[in-house]
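Text of the file model.pdb, holding PDB, C-alpha atoms:
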ATOM      1  CA  MET Y   1      41.186 -16.489  44.692
ATOM      2  CA  SER Y   2      41.793 -20.139  45.529
ATOM      3  CA  PHE Y   3      43.258 -22.626  43.093
ATOM      4  CA  LEU Y   4      39.865 -24.392  42.826
ATOM      5  CA  THR Y   5      38.040 -21.113  42.186
ATOM      6  CA  ARG Y   6      40.556 -20.142  39.502
ATOM      7  CA  ARG Y   7      40.153 -23.512  37.795
ATOM      8  CA  LEU Y   8      36.368 -23.139  37.857
ATOM      9  CA  ALA Y   9      36.550 -19.622  36.408
ATOM     10  CA  PHE Y  10      38.928 -20.689  33.638
ATOM     11  CA  GLY Y  11      36.670 -23.626  32.912
ATOM     12  CA  LEU Y  12      33.622 -21.376  32.501
ATOM     13  CA  ILE Y  13      35.536 -19.029  30.208
ATOM     14  CA  ALA Y  14      36.747 -21.917  28.087
ATOM     15  CA  THR Y  15      33.245 -23.319  27.842
ATOM     16  CA  ALA Y  16      31.882 -19.917  26.822
ATOM     17  CA  ALA Y  17      34.588 -19.647  24.176
ATOM     18  CA  LEU Y  18      33.443 -22.944  22.721
ATOM     19  CA  VAL Y  19      29.740 -22.049  22.816
ATOM     20  CA  VAL Y  20      29.737 -18.452  21.492
ATOM     21  CA  PRO Y  21      31.229 -19.138  18.030
ATOM     22  CA  ALA Y  22      28.591 -21.826  17.482
ATOM     23  CA  LEU Y  23      25.670 -19.380  17.787
ATOM     24  CA  PRO Y  24      25.888 -17.694  14.349
ATOM     25  CA  ALA Y  25      26.160 -21.079  12.623
ATOM     26  CA  SER Y  26      22.981 -22.287  14.284
ATOM     27  CA  ALA Y  27      21.030 -19.026  13.879
ATOM     28  CA  GLN Y  28      18.137 -19.290  11.402
ATOM     29  CA  THR Y  29      17.163 -16.480   9.040
ATOM     30  CA  LYS Y  30      13.410 -16.007   8.743
ATOM     31  CA  LEU Y  31      11.896 -14.793   5.494
ATOM     32  CA  LYS Y  32       8.318 -13.499   5.117
ATOM     33  CA  PHE Y  33       6.068 -14.715   2.285
ATOM     34  CA  ALA Y  34       2.837 -12.666   2.142
ATOM     35  CA  HIS Y  35      -0.376 -13.038   0.159
ATOM     36  CA  VAL Y  36      -4.078 -12.138   0.367
ATOM     37  CA  TYR Y  37      -5.573 -15.618  -0.176
ATOM     38  CA  GLU Y  38      -7.156 -17.976   2.323
ATOM     39  CA  ALA Y  39      -5.161 -20.637   4.169
ATOM     40  CA  SER Y  40      -7.526 -23.225   2.652
ATOM     41  CA  GLU Y  41      -6.498 -22.372  -0.931
ATOM     42  CA  PRO Y  42      -3.835 -24.175  -3.009
ATOM     43  CA  TYR Y  43      -1.701 -21.014  -3.222
ATOM     44  CA  HIS Y  44      -1.126 -21.138   0.524
ATOM     45  CA  LYS Y  45      -0.527 -24.897   0.563
ATOM     46  CA  TRP Y  46       2.217 -24.629  -2.036
ATOM     47  CA  ALA Y  47       3.739 -21.545  -0.401
ATOM     48  CA  LEU Y  48       4.073 -23.615   2.797
ATOM     49  CA  TRP Y  49       5.597 -26.455   0.792
ATOM     50  CA  ALA Y  50       8.099 -24.044  -0.785
ATOM     51  CA  GLY Y  51       9.106 -22.827   2.672
ATOM     52  CA  GLU Y  52       9.687 -26.351   3.928
ATOM     53  CA  GLU Y  53      11.680 -27.294   0.830
ATOM     54  CA  PHE Y  54      13.892 -24.221   1.030
ATOM     55  CA  SER Y  55      14.623 -24.928   4.685
ATOM     56  CA  LYS Y  56      15.519 -28.539   3.876
ATOM     57  CA  ARG Y  57      17.709 -27.700   0.919
ATOM     58  CA  THR Y  58      19.616 -25.032   2.876
ATOM     59  CA  ASN Y  59      20.077 -27.334   5.898
ATOM     60  CA  GLY Y  60      17.812 -25.233   8.075
ATOM     61  CA  LYS Y  61      19.640 -21.976   7.402
ATOM     62  CA  TYR Y  62      16.373 -20.325   6.365
ATOM     63  CA  ALA Y  63      12.749 -20.524   7.490
ATOM     64  CA  ILE Y  64      10.005 -19.058   5.321
ATOM     65  CA  GLU Y  65       6.992 -17.860   7.298
ATOM     66  CA  VAL Y  66       3.855 -17.628   5.165
ATOM     67  CA  PHE Y  67       1.264 -14.958   5.999
ATOM     68  CA  PRO Y  68      -2.115 -15.578   4.266
ATOM     69  CA  ALA Y  69      -5.436 -13.733   4.095
ATOM     70  CA  SER Y  70      -4.094 -10.147   4.002
ATOM     71  CA  SER Y  71      -2.526 -10.593   7.463
ATOM     72  CA  LEU Y  72       0.382  -8.363   6.391
ATOM     73  CA  GLY Y  73      -1.828  -5.951   4.475
ATOM     74  CA  LYS Y  74      -3.885  -5.705   1.314
ATOM     75  CA  GLU Y  75      -2.340  -6.390  -2.064
ATOM     76  CA  SER Y  76      -1.030  -2.883  -2.676
ATOM     77  CA  ASP Y  77       0.554  -2.955   0.804
ATOM     78  CA  ILE Y  78       2.500  -6.166   0.245
ATOM     79  CA  ASN Y  79       3.722  -4.911  -3.133
ATOM     80  CA  GLU Y  80       5.087  -1.836  -1.381
ATOM     81  CA  GLY Y  81       6.490  -4.107   1.319
ATOM     82  CA  LEU Y  82       8.990  -5.575  -1.142
ATOM     83  CA  SER Y  83      10.760  -2.199  -1.273
ATOM     84  CA  LEU Y  84      10.159  -1.274   2.368
ATOM     85  CA  GLY Y  85      11.694  -4.547   3.556
ATOM     86  CA  THR Y  86       8.577  -5.651   5.435
ATOM     87  CA  VAL Y  87       8.149  -8.735   3.212
ATOM     88  CA  ASP Y  88      10.615 -10.908   1.327
ATOM     89  CA  MET Y  89       8.330 -12.506  -1.256
ATOM     90  CA  ILE Y  90       4.718 -12.259  -2.353
ATOM     91  CA  TYR Y  91       2.010 -13.643  -4.575
ATOM     92  CA  THR Y  92       0.442 -10.769  -6.494
ATOM     93  CA  GLY Y  93      -1.820 -10.140  -9.457
ATOM     94  CA  GLN Y  94      -0.180  -8.979 -12.666
ATOM     95  CA  LEU Y  95      -2.206  -5.775 -12.667
ATOM     96  CA  PHE Y  96      -0.809  -4.802  -9.259
ATOM     97  CA  ALA Y  97       2.778  -5.420 -10.367
ATOM     98  CA  GLY Y  98       1.897  -3.566 -13.563
ATOM     99  CA  ARG Y  99       1.600  -0.354 -11.572
ATOM    100  CA  ALA Y 100       5.390  -0.382 -11.355
ATOM    101  CA  TYR Y 101       6.025  -1.664 -14.881
ATOM    102  CA  GLY Y 102       3.035  -1.290 -17.192
ATOM    103  CA  PRO Y 103       3.814  -3.929 -19.856
ATOM    104  CA  LEU Y 104       3.791  -6.695 -17.230
ATOM    105  CA  ALA Y 105       0.063  -6.095 -16.715
ATOM    106  CA  ILE Y 106      -0.840  -7.379 -20.174
ATOM    107  CA  GLY Y 107      -1.236 -10.956 -18.934
ATOM    108  CA  GLY Y 108      -4.009  -9.867 -16.570
ATOM    109  CA  ALA Y 109      -6.083  -7.960 -19.099
ATOM    110  CA  PRO Y 110      -9.566  -9.259 -20.040
ATOM    111  CA  TYR Y 111      -9.844 -11.658 -22.978
ATOM    112  CA  MET Y 112      -6.125 -11.304 -23.668
ATOM    113  CA  PHE Y 113      -5.731 -15.066 -24.076
ATOM    114  CA  ARG Y 114      -7.607 -17.382 -26.411
ATOM    115  CA  ASP Y 115      -7.706 -20.181 -23.837
ATOM    116  CA  PHE Y 116      -5.684 -21.890 -21.097
ATOM    117  CA  ALA Y 117      -3.226 -23.374 -23.603
ATOM    118  CA  HIS Y 118      -2.438 -19.884 -24.934
ATOM    119  CA  TRP Y 119      -1.831 -18.657 -21.372
ATOM    120  CA  ASP Y 120       0.371 -21.666 -20.582
ATOM    121  CA  ALA Y 121       2.475 -20.996 -23.685
ATOM    122  CA  PHE Y 122       2.810 -17.335 -22.657
ATOM    123  CA  ARG Y 123       4.158 -18.145 -19.185
ATOM    124  CA  LYS Y 124       6.876 -20.297 -20.778
ATOM    125  CA  SER Y 125       7.688 -17.744 -23.479
ATOM    126  CA  ASP Y 126      10.602 -15.391 -24.042
ATOM    127  CA  LEU Y 127       8.094 -12.539 -23.914
ATOM    128  CA  PHE Y 128       7.145 -13.327 -20.315
ATOM    129  CA  LYS Y 129      10.830 -13.540 -19.341
ATOM    130  CA  GLU Y 130      11.492 -10.168 -20.941
ATOM    131  CA  LEU Y 131       8.533  -8.583 -19.157
ATOM    132  CA  GLY Y 132       9.882  -9.935 -15.868
ATOM    133  CA  GLN Y 133      13.294  -8.488 -16.655
ATOM    134  CA  GLY Y 134      11.712  -5.116 -17.408
ATOM    135  CA  TYR Y 135       9.962  -5.194 -14.037
ATOM    136  CA  GLU Y 136      13.213  -6.118 -12.285
ATOM    137  CA  LYS Y 137      15.086  -3.293 -14.006
ATOM    138  CA  ARG Y 138      12.417  -0.856 -12.862
ATOM    139  CA  THR Y 139      11.987  -2.104  -9.273
ATOM    140  CA  GLY Y 140      14.979  -4.265  -8.387
ATOM    141  CA  HIS Y 141      12.639  -7.143  -7.491
ATOM    142  CA  GLN Y 142      12.668 -10.489  -9.255
ATOM    143  CA  VAL Y 143       9.694 -12.248 -10.871
ATOM    144  CA  VAL Y 144      10.439 -15.947 -10.392
ATOM    145  CA  SER Y 145       7.234 -17.719 -11.467
ATOM    146  CA  LEU Y 146       3.654 -17.435 -12.667
ATOM    147  CA  THR Y 147       0.853 -19.503 -11.087
ATOM    148  CA  TYR Y 148      -2.531 -20.068 -12.711
ATOM    149  CA  TYR Y 149      -5.236 -18.295 -10.711
ATOM    150  CA  GLY Y 150      -8.167 -19.421 -12.807
ATOM    151  CA  GLU Y 151     -10.707 -17.948 -15.186
ATOM    152  CA  ARG Y 152     -12.473 -14.992 -13.600
ATOM    153  CA  HIS Y 153     -16.280 -15.143 -13.668
ATOM    154  CA  VAL Y 154     -19.022 -12.770 -12.541
ATOM    155  CA  THR Y 155     -21.292 -13.521  -9.577
ATOM    156  CA  ALA Y 156     -24.468 -11.511  -9.042
ATOM    157  CA  ASN Y 157     -27.991 -11.682  -7.712
ATOM    158  CA  LYS Y 158     -29.186 -10.251 -11.015
ATOM    159  CA  ASP Y 159     -29.720 -12.573 -13.999
ATOM    160  CA  ILE Y 160     -26.989 -12.063 -16.628
ATOM    161  CA  THR Y 161     -26.869 -13.751 -20.039
ATOM    162  CA  LYS Y 162     -25.517 -10.981 -22.305
ATOM    163  CA  PRO Y 163     -23.350  -7.842 -21.958
ATOM    164  CA  GLU Y 164     -26.386  -5.546 -21.906
ATOM    165  CA  ASP Y 165     -27.564  -7.222 -18.685
ATOM    166  CA  MET Y 166     -24.546  -5.750 -16.893
ATOM    167  CA  LYS Y 167     -25.345  -2.136 -17.744
ATOM    168  CA  GLY Y 168     -25.245  -0.061 -14.550
ATOM    169  CA  LEU Y 169     -24.344  -3.086 -12.410
ATOM    170  CA  LYS Y 170     -22.227  -2.055  -9.429
ATOM    171  CA  ILE Y 171     -19.470  -4.662  -9.475
ATOM    172  CA  ARG Y 172     -16.550  -4.986  -7.088
ATOM    173  CA  VAL Y 173     -13.114  -5.142  -8.717
ATOM    174  CA  PRO Y 174      -9.604  -5.271  -7.206
ATOM    175  CA  ASP Y 175      -7.978  -1.909  -6.628
ATOM    176  CA  ALA Y 176      -5.884  -1.839  -9.808
ATOM    177  CA  PRO Y 177      -7.112   0.298 -12.733
ATOM    178  CA  LEU Y 178      -7.013  -2.350 -15.461
ATOM    179  CA  TYR Y 179      -9.541  -4.519 -13.619
ATOM    180  CA  ALA Y 180     -12.075  -1.881 -14.645
ATOM    181  CA  MET Y 181     -11.587  -2.597 -18.363
ATOM    182  CA  PHE Y 182     -14.123  -5.449 -18.538
ATOM    183  CA  PRO Y 183     -16.868  -3.717 -16.502
ATOM    184  CA  LYS Y 184     -16.463  -0.491 -18.487
ATOM    185  CA  ALA Y 185     -16.657  -2.386 -21.792
ATOM    186  CA  VAL Y 186     -20.055  -3.846 -20.858
ATOM    187  CA  GLY Y 187     -21.448  -0.688 -19.228
ATOM    188  CA  ALA Y 188     -21.097  -1.823 -15.599
ATOM    189  CA  ASN Y 189     -19.916   0.359 -12.727
ATOM    190  CA  PRO Y 190     -16.545  -0.923 -11.403
ATOM    191  CA  THR Y 191     -16.091  -0.375  -7.661
ATOM    192  CA  PRO Y 192     -12.648  -1.056  -6.144
ATOM    193  CA  ILE Y 193     -12.837  -2.751  -2.726
ATOM    194  CA  ALA Y 194     -10.056  -4.513  -0.783
ATOM    195  CA  PHE Y 195     -10.221  -8.305  -1.088
ATOM    196  CA  ALA Y 196     -10.751  -8.912   2.631
ATOM    197  CA  GLU Y 197     -13.847  -6.666   2.590
ATOM    198  CA  VAL Y 198     -15.697  -8.142  -0.390
ATOM    199  CA  TYR Y 199     -17.954 -10.630   1.426
ATOM    200  CA  LEU Y 200     -19.261  -7.921   3.733
ATOM    201  CA  ALA Y 201     -19.765  -5.503   0.832
ATOM    202  CA  LEU Y 202     -21.829  -8.107  -1.031
ATOM    203  CA  SER Y 203     -23.885  -9.105   2.003
ATOM    204  CA  GLN Y 204     -24.689  -5.466   2.824
ATOM    205  CA  GLY Y 205     -25.499  -4.513  -0.772
ATOM    206  CA  VAL Y 206     -22.631  -2.035  -1.077
ATOM    207  CA  VAL Y 207     -22.030  -3.700  -4.459
ATOM    208  CA  ASP Y 208     -24.323  -5.907  -6.559
ATOM    209  CA  ALA Y 209     -21.724  -8.256  -7.962
ATOM    210  CA  GLN Y 210     -18.080  -9.307  -7.975
ATOM    211  CA  GLU Y 211     -15.760 -11.299 -10.246
ATOM    212  CA  ASN Y 212     -13.258 -14.030  -9.365
ATOM    213  CA  PRO Y 213     -12.290 -17.606 -10.288
ATOM    214  CA  LEU Y 214     -14.435 -20.493  -9.048
ATOM    215  CA  VAL Y 215     -11.778 -21.590  -6.563
ATOM    216  CA  THR Y 216     -11.776 -18.156  -4.936
ATOM    217  CA  ILE Y 217     -15.558 -17.852  -4.999
ATOM    218  CA  GLN Y 218     -15.726 -21.078  -3.001
ATOM    219  CA  ALA Y 219     -12.868 -20.249  -0.613
ATOM    220  CA  LYS Y 220     -14.199 -16.771   0.136
ATOM    221  CA  LYS Y 221     -17.800 -18.086   0.347
ATOM    222  CA  PHE Y 222     -19.073 -15.431  -2.055
ATOM    223  CA  HIS Y 223     -21.677 -17.937  -3.260
ATOM    224  CA  GLU Y 224     -23.379 -17.624   0.129
ATOM    225  CA  VAL Y 225     -24.469 -14.083  -0.751
ATOM    226  CA  GLN Y 226     -24.772 -14.363  -4.551
ATOM    227  CA  LYS Y 227     -27.389 -16.316  -6.494
ATOM    228  CA  ASN Y 228     -25.824 -16.527  -9.960
ATOM    229  CA  ILE Y 229     -22.388 -17.602 -11.128
ATOM    230  CA  VAL Y 230     -22.001 -16.358 -14.688
ATOM    231  CA  LEU Y 231     -19.192 -18.125 -16.575
ATOM    232  CA  THR Y 232     -17.863 -15.122 -18.478
ATOM    233  CA  GLY Y 233     -14.230 -16.330 -18.237
ATOM    234  CA  HIS Y 234     -13.233 -12.737 -18.945
ATOM    235  CA  ILE Y 235      -9.712 -12.988 -17.524
ATOM    236  CA  THR Y 236      -7.404 -15.998 -17.649
ATOM    237  CA  ASP Y 237      -5.724 -14.818 -14.496
ATOM    238  CA  ALA Y 238      -2.443 -15.668 -12.796
ATOM    239  CA  LEU Y 239      -0.346 -14.748  -9.783
ATOM    240  CA  LEU Y 240       3.247 -13.615  -9.995
ATOM    241  CA  THR Y 241       5.639 -14.829  -7.335
ATOM    242  CA  ILE Y 242       8.038 -11.965  -6.712
ATOM    243  CA  VAL Y 243      11.108 -11.982  -4.460
ATOM    244  CA  SER Y 244      12.473  -8.731  -3.076
ATOM    245  CA  GLY Y 245      15.728  -7.609  -4.642
ATOM    246  CA  GLY Y 246      17.158  -6.959  -1.192
ATOM    247  CA  THR Y 247      16.359 -10.499  -0.132
ATOM    248  CA  MET Y 248      17.903 -11.995  -3.262
ATOM    249  CA  LYS Y 249      21.113 -10.034  -2.678
ATOM    250  CA  ARG Y 250      21.436 -11.541   0.804
ATOM    251  CA  LEU Y 251      21.349 -15.063  -0.630
ATOM    252  CA  THR Y 252      24.357 -16.782  -2.152
ATOM    253  CA  PRO Y 253      24.153 -17.598  -5.886
ATOM    254  CA  ASP Y 254      23.436 -21.251  -5.021
ATOM    255  CA  GLU Y 255      20.677 -20.226  -2.595
ATOM    256  CA  GLN Y 256      19.158 -17.906  -5.212
ATOM    257  CA  LYS Y 257      19.051 -20.795  -7.682
ATOM    258  CA  ILE Y 258      17.515 -23.169  -5.133
ATOM    259  CA  LEU Y 259      14.824 -20.658  -4.140
ATOM    260  CA  SER Y 260      13.909 -19.897  -7.755
ATOM    261  CA  GLU Y 261      13.699 -23.608  -8.619
ATOM    262  CA  ILE Y 262      11.480 -24.327  -5.619
ATOM    263  CA  LEU Y 263       9.124 -21.398  -6.275
ATOM    264  CA  SER Y 264       8.827 -22.404  -9.941
ATOM    265  CA  GLN Y 265       7.987 -25.980  -8.966
ATOM    266  CA  ALA Y 266       5.416 -24.711  -6.480
ATOM    267  CA  ALA Y 267       3.839 -22.634  -9.279
ATOM    268  CA  ASP Y 268       3.579 -25.684 -11.542
ATOM    269  CA  ASN Y 269       2.090 -27.870  -8.806
ATOM    270  CA  CYS Y 270      -0.393 -25.209  -7.735
ATOM    271  CA  THR Y 271      -1.409 -24.609 -11.364
ATOM    272  CA  ASN Y 272      -2.214 -28.314 -11.731
ATOM    273  CA  ASP Y 273      -4.347 -28.190  -8.577
ATOM    274  CA  ILE Y 274      -6.302 -25.159  -9.778
ATOM    275  CA  VAL Y 275      -6.998 -26.699 -13.195
ATOM    276  CA  LYS Y 276      -8.447 -29.805 -11.557
ATOM    277  CA  MET Y 277     -10.509 -27.826  -9.054
ATOM    278  CA  GLU Y 278     -12.017 -25.644 -11.784
ATOM    279  CA  LYS Y 279     -13.285 -28.735 -13.589
ATOM    280  CA  ASP Y 280     -14.976 -30.056 -10.455
ATOM    281  CA  LEU Y 281     -16.446 -26.857  -9.051
ATOM    282  CA  VAL Y 282     -19.183 -26.204 -11.623
ATOM    283  CA  ASP Y 283     -21.022 -29.334 -10.445
ATOM    284  CA  TRP Y 284     -20.227 -28.497  -6.810
ATOM    285  CA  PHE Y 285     -21.853 -25.066  -7.084
ATOM    286  CA  LYS Y 286     -24.882 -26.556  -8.811
ATOM    287  CA  GLY Y 287     -25.151 -29.003  -5.931
ATOM    288  CA  GLU Y 288     -25.194 -26.014  -3.582
ATOM    289  CA  GLY Y 289     -28.259 -24.692  -5.390
ATOM    290  CA  LYS Y 290     -26.451 -21.959  -7.316
ATOM    291  CA  ASN Y 291     -27.550 -20.905 -10.793
ATOM    292  CA  VAL Y 292     -24.435 -21.534 -12.906
ATOM    293  CA  VAL Y 293     -24.888 -19.791 -16.260
ATOM    294  CA  ALA Y 294     -22.793 -20.832 -19.302
ATOM    295  CA  VAL Y 295     -23.101 -17.645 -21.377
ATOM    296  CA  ASP Y 296     -22.035 -17.130 -24.967
ATOM    297  CA  ARG Y 297     -18.700 -15.409 -24.407
ATOM    298  CA  LYS Y 298     -18.362 -14.026 -27.934
ATOM    299  CA  PRO Y 299     -20.304 -10.770 -27.408
ATOM    300  CA  PHE Y 300     -18.513 -10.155 -24.090
ATOM    301  CA  ARG Y 301     -15.157 -10.690 -25.796
ATOM    302  CA  GLU Y 302     -16.071  -8.436 -28.729
ATOM    303  CA  ALA Y 303     -16.970  -5.611 -26.329
ATOM    304  CA  VAL Y 304     -13.557  -5.817 -24.671
ATOM    305  CA  VAL Y 305     -11.065  -6.603 -27.446
ATOM    306  CA  LYS Y 306     -11.453  -3.188 -29.070
ATOM    307  CA  MET Y 307     -10.108  -1.693 -25.810
ATOM    308  CA  HIS Y 308      -6.904  -3.767 -25.803
ATOM    309  CA  LEU Y 309      -4.900  -0.989 -27.440
ATOM    310  CA  GLY Y 310      -6.995   1.875 -26.104
ATOM    311  CA  SER Y 311      -6.231   4.539 -23.519
ATOM    312  CA  ASP Y 312      -6.218   2.057 -20.616
ATOM    313  CA  ALA Y 313      -3.513  -0.150 -22.136
ATOM    314  CA  THR Y 314      -0.163  -0.017 -20.325
ATOM    315  CA  TRP Y 315       1.644  -1.946 -23.088
ATOM    316  CA  ASP Y 316       2.465  -1.038 -26.672
ATOM    317  CA  LYS Y 317       1.323  -2.649 -29.910
ATOM    318  CA  ALA Y 318       4.592  -4.556 -30.324
ATOM    319  CA  VAL Y 319       4.149  -6.362 -26.996
ATOM    320  CA  TYR Y 320       0.460  -6.984 -27.756
ATOM    321  CA  ASP Y 321       1.190  -8.429 -31.190
ATOM    322  CA  ARG Y 322       3.911 -10.700 -29.786
ATOM    323  CA  LEU Y 323       1.534 -12.070 -27.161
ATOM    324  CA  GLN Y 324      -1.227 -12.688 -29.703
ATOM    325  CA  ALA Y 325       1.267 -14.425 -32.030
ATOM    326  CA  ILE Y 326       2.258 -16.987 -29.363
ATOM    327  CA  GLN Y 327       1.142 -20.415 -30.477
ATOM    328  CA  SER Y 328      -0.452 -22.752 -27.961
ATOM    329  CA  ARG Y 329       1.621 -25.817 -27.190
ATOM    330  CA  THR Y 330       0.106 -29.223 -27.745
ATOM    331  CA  ASN Y 331       1.100 -32.492 -26.106
TER     332      ASN Y 331
END
As structure tokens - that is how I would like this structure written.
Amino acid sequence: MSFLTRRLAFGLIATAALVVPALPASAQTKLKFAHVYEASEPYHKWALWAGEEFSKRTNGKYAIEVFPASSLGKESDINEGLSLGTVDMIYTGQLFAGRAYGPLAIGGAPYMFRDFAHWDAFRKSDLFKELGQGYEKRTGHQVVSLTYYGERHVTANKDITKPEDMKGLKIRVPDAPLYAMFPKAVGANPTPIAFAEVYLALSQGVVDAQENPLVTIQAKKFHEVQKNIVLTGHITDALLTIVSGGTMKRLTPDEQKILSEILSQAADNCTNDIVKMEKDLVDWFKGEGKNVVAVDRKPFREAVVKMHLGSDATWDKAVYDRLQAIQSRTN
């Protein structure tokens, strides 16, 4: 080997030695955030924002990829994914998370809250923190925030003004048992169907009705195949943001704090968006020619409340009484 060749070889080795150690420092860890909602909805917008913020505040060490519209599976799948390691964080309904820890489902039960202010006080309460801790003890996964999903209302092609009008109505509900509490209380026939399949089921007459917040009804275009929007407001619903325990363990304590702060801020911002949209959408649906029915909610509520501590309840009386005793906060 000539002197020039040796110098070239040593030069390449030295260069490689300088380059190789730099690779781990520049490598980016990708985290998966999954949910079943449309990319057009505020939940997705604020999940994207959270991903960008976490990347910024960790100097690009992490990238959060957000997968909307059931692209990583239906809601039960992404809940399982937290333990399987296929997802790092999710939005999920309280009744789905309640399959793993029953008391956590109480916030998703029908007519559990007096109004939005009662719900807002609950999400900031010690009771909600304790329920999250119970879920974490059971599953290892961490509940970091609660985002307002909206009041759930019934849509149908049948006219509905009172509970008796729902007798025998075949109504789609999410595939979590407690979603059947309201339909059963009013004599309807609850039919679990995956979220991504609801529009088709309605258009083909597989079910007669469904129930969701106004924001979701618009985003999923359910109003295209349903004549009436009946403002039952039977569930003041919310989405938990849950981070996999395995993912949290891979983060440093500072990174865990940053992620939790960002996801909590995203929940607050998204909640504000949903509240505003709910106020505007009644007139929007009327403008679309829909029959928006403001029913007397009292008889619907009375049919359900007597089931709150019945056989379907996954919480005890102590938890129920604590929730009902929470006082709404006023500005």
Pick from Y:Asn269, Y:Thr232, Y:Thr216, Y:Ser203: nearest to Y:Pro163, with only C-alpha atoms counted?
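Checking each of Y:Asn269, Y:Thr232, Y:Thr216, Y:Ser203 against Y:Pro163, counting only C-alpha atoms, the winner is Y:Thr232.
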Can you turn the PyMOL selection byres ((chain Y and resi 219) around 7) into a concrete residue list for this file, as a PyMOL selection string?
chain Y and resi 38+40-41+215-218+220-221
What's the 10 Å shell around Y:Val293, counting all atoms listed in the file, without same-chain residues fewer than 5 positions away, as a count of residues only?
11
Taking all atoms listed in the file into account, which of Y:Ile235, Y:Val292, Y:Val198, Y:Val304 comes nearest Y:Gly107?
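So, comparing all the options, the nearest one is Y:Ile235.
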Nearest to Y:Gly134 among Y:Gly246, Y:Gly108, Y:Gly98, Y:Gly150, with distances taken over all atoms listed in the file: which residue is it?
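Between Y:Gly246, Y:Gly108, Y:Gly98, Y:Gly150, the residue approaching Y:Gly134 most closely is Y:Gly98.
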Evaluate the PyMOL selection byres ((chain Y and resi 53-58) around 12) and record the selected residues as an MDAnalysis selection string, following the chain and residue labels used in the document.
chainID Y and resid 28:31 46:52 59:65 251:252 254:263 265:266
Explicit residues for the PyMOL selection byres ((chain Y and resi 189) around 7) (as a compact mmCIF listing (two decimals) with C-alpha atoms, keeping the file's coordinate frame):
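Once written, selection.txt looks like this:
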# COMPACT_ATOMS: atom_id res chain seq x y z
CA GLY Y 168 -25.24 -0.06 -14.55
CA LEU Y 169 -24.34 -3.09 -12.41
CA LYS Y 170 -22.23 -2.06 -9.43
CA ILE Y 171 -19.47 -4.66 -9.48
CA PRO Y 183 -16.87 -3.72 -16.50
CA LYS Y 184 -16.46 -0.49 -18.49
CA GLY Y 187 -21.45 -0.69 -19.23
CA ALA Y 188 -21.10 -1.82 -15.60
CA PRO Y 190 -16.55 -0.92 -11.40
CA THR Y 191 -16.09 -0.38 -7.66
Nearest to Y:Val319: which of Y:Val66, Y:Leu72, Y:Ala105, Y:Met89 is it, counting only C-alpha atoms?
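For Y:Val319, the nearest of the candidates is Y:Ala105.
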In the coordinate frame of the file, compute which residues have an atom within 10 Å of (3.0, -7.7, 1.9) when using all atoms listed in the file, and state them as a list in words.
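Selection result: Lys32, Phe33, Ala34, His35, Val36, Phe67, Pro68, Ser70, Ser71, Leu72, Gly73, Lys74, Glu75, Ser76, Asp77, Ile78, Asn79, Glu80, Gly81, Leu82, Leu84, Gly85, Thr86, Val87, Asp88, Met89, Ile90, Tyr91 and Thr92 of chain Y.
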Shortest interatomic distance to Y:Tyr43 - which of Y:Trp119, Y:Tyr101, Y:Tyr148, Y:Phe96, counting all atoms listed in the file:
Y:Tyr148
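Counting from atom CA of Y:Leu202, the distance to atom CA of Y:His153 is 15.5 Å.
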Would you work out the distance separating atom CA of Y:Arg301 from atom CA of Y:Val143, expressed in Å to one decimal?
29.0 Å
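For Y:Pro192, the list of residues within 8 Å, based on all atoms listed in the file and with local chain neighbours fewer than 4 positions off taken out, reads Arg172, Val173, Pro174, Asp175 and Ala176 of chain Y.
Counting from atom CA of Y:Glu136, the distance to atom CA of Y:Ala39 is 28.6 Å.
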Closest to Y:Ala109 among Y:Glu164, Y:Asp237, Y:Asp208, Y:Asp296, using all atoms listed in the file?
Y:Asp237
Using only C-alpha atoms, what residues lie at most 10 Å away from (-5.9, -17.6, -14.1) (file coordinates), given as a PyMOL selection string?
chain Y and resi 93+107-108+116+119-120+146-152+212-213+233+235-239+271+274-275
Excluding same-chain residues fewer than 2 positions from Y:Leu127, what lies within 12 Å of it counting only C-alpha atoms, as a PyMOL selection string?
chain Y and resi 103-104+106-107+119+121-125+129-134+318-326
Hey, could you pull the box centre and edge lengths for stretch 53-64 of chain Y, axis-aligned, 3 Å padding per side, all listed atoms, to one decimal in Å, as JSON?
{"center_x": 15.0, "center_y": -23.8, "center_z": 4.5, "size_x": 16.1, "size_y": 15.5, "size_z": 13.2}
Would you output stretch 49-54 of chain Y from that structure, restricted to N, CA and C atoms, as a tab-separated table (two decimals), in the first residue's frame?
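Final output, decode.tsv:
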chain	number	residue	atom	x	y	z
Y	49	TRP	N	-51.13	19.53	17.21
Y	49	TRP	CA	-50.46	20.62	17.93
Y	49	TRP	C	-49.59	20.06	19.06
Y	50	ALA	N	-50.14	19.11	19.81
Y	50	ALA	CA	-49.39	18.51	20.92
Y	50	ALA	C	-48.11	17.85	20.41
Y	51	GLY	N	-48.22	17.18	19.26
Y	51	GLY	CA	-47.03	16.54	18.69
Y	51	GLY	C	-45.97	17.55	18.31
Y	52	GLU	N	-46.39	18.64	17.70
Y	52	GLU	CA	-45.43	19.68	17.31
Y	52	GLU	C	-44.78	20.32	18.54
Y	53	GLU	N	-45.58	20.58	19.57
Y	53	GLU	CA	-45.06	21.19	20.78
Y	53	GLU	C	-44.06	20.28	21.49
Y	54	PHE	N	-44.38	18.99	21.55
Y	54	PHE	CA	-43.48	18.06	22.23
Y	54	PHE	C	-42.16	17.96	21.48
